[in-house]
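Input: a single structure, listed below in structure tokens.
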Amino acid sequence: MPRALSRRAVLALGAALPLLRPGAAAAAYRVGSVTVTPLRDGLFPLQPAMIPAADSPAGRALLTEAGLPAHGPSPEPVNAFLIRRGARAWLLDAGCGTVLGPGFDRVTAALAREGISPAGVETVWLTHLHADHIGGLLTPEGQARFPHADLVLQDREAALWSDPAARARAPAALAPFFDTAEAVLARYAGRIRRVSGEADLAPGIRFLPLPGHTPGHAGLLIEDGAERLLIGGDILHSRILQLPHPDWTVIWDTDPAAAIATRRRLLDRAVIEDLTLTGMHLDVRGRIERAGSGYRLIPVS
Ligand SMILES: [Zn+2]
């Protein structure tokens, strides 16, 4: 469990949001016959203290270079994705909903703009069970927002968040995360499909385990002919800070050493295989190049 996680840091997700504008969500794009639509749930104000190594001269320099205040915050998106092929549609994550305070919960409206009602969502794939990814599965009253949807997630992720011993071991500040995960697992009971390891979710769409941020954290590889897109889950919370410094971990990482190793492995794979990368907290998608001891992202449009 995160060592440095404070209740203040968890609550800070909802603070300072009036200072930030959500910004326009990115437009839909194609990966072969698959259409990917980023759904912007809102922006969270990332503080350097959430990436402790960034609370440093090097971190302040990177924020300043990016045109941001040296001490933050750095507004970072919270995304879900709508993934469609032909008549089929799937949702990847569901955003914060209302569980982390005001300023989020725009996924349902974004789906409506795509002509999809909550009752029309059949399947939600989940990268992991942190509240900024699953809060949107619940209504403000705490009921299932998607009454007919099945949830698909890694077995290790479901096991962690439904384990009373894990909850007892976790810092008190994580209690709200356990509350949200437990509520989701209860409201969708009987409609949860656990998979283990790499799993084909649909033709050409594969679940990729990316352990470290949480034990069952996973991304998605979409492949159609020569076109490929990697949605790397929470492999990056700040491209400004963590691409040049892939060893800089966030306070929410369950296993920081594993999170670093997984980030480097995935970014190396993106370089070697020339994969386009995006994520739940990335405002763009792009190719990855090595740069010094880290990486850089070259946006593609
Ligand atoms: Zn997240």
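So you can find residues: chains in the structure tokens are A, B, ... in the order shown, residues in each start at 1, and ligands are numbered from 1 in order.
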
Just asking: which residues within segment 38-279 of chain A are strand (DSSP E or B) according to DSSP, as a PyMOL selection string? chain A and resi 38-46+74-85+88-92+123-125+138+144+150-154+192-195+199-202+205-209+218-224+227-231+276-278

Excluding segment 132-140 of chain A and any residue of its chain fewer than 4 positions from it, enumerate the residues within 6 Å of it, using only C-alpha atoms, and give them as a ChimeraX atom specification. /A:93-99,144-145

Contacts of Leu201 of chain A within 12 Å, only C-alpha atoms, excl. fewer than 4 positions in-chain, as a compact mmCIF listing (two decimals) with C-alpha atoms, in the first residue's frame:
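The result, stored in selection_29.txt:
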```
# COMPACT_ATOMS: atom_id res chain seq x y z
CA ILE A 83 -14.59 1.71 -28.14
CA TRP A 90 -17.67 -1.13 -25.13
CA LEU A 91 -16.72 1.28 -22.37
CA LEU A 92 -13.22 1.32 -20.85
CA THR A 123 -19.87 -4.16 -21.11
CA VAL A 124 -17.42 -2.03 -19.13
CA TRP A 125 -13.77 -3.08 -19.15
CA LEU A 126 -11.91 -1.82 -16.08
CA LEU A 151 -17.91 -5.52 -15.73
CA VAL A 152 -14.68 -7.18 -16.85
CA LEU A 153 -11.56 -6.88 -14.73
CA GLN A 154 -8.45 -8.75 -13.72
CA ARG A 193 -16.36 -11.30 -15.17
CA ARG A 194 -12.87 -11.87 -13.80
CA VAL A 195 -10.08 -12.68 -16.23
CA SER A 196 -6.50 -13.63 -15.56
CA GLY A 197 -3.47 -12.31 -17.42
CA ILE A 205 -8.65 -6.18 -28.45
CA ARG A 206 -6.51 -7.62 -25.69
CA PHE A 207 -6.32 -6.95 -21.95
CA LEU A 208 -2.65 -6.43 -20.90
CA GLY A 219 -4.21 -1.74 -20.19
CA LEU A 220 -5.68 -2.46 -23.58
CA LEU A 221 -3.97 -3.26 -26.89
CA ILE A 222 -6.14 -2.63 -29.93
CA GLU A 223 -4.80 -4.15 -33.12
```

At a cut-off of 12 Å and counting only C-alpha atoms and all ligand atoms, what residues surround ligand 1? Please answer as number ranges by chain. A: 10, 13, 41-44, 46, 76-80, 93-96, 100, 126-135, 177, 213-214, 217-218, 232-238, 250-253, 279-282

Of the candidates A:Pro203, A:Glu114, A:Pro211, A:Phe81, which one gets nearest to Ala257 of chain A if we count only C-alpha atoms? A:Pro211
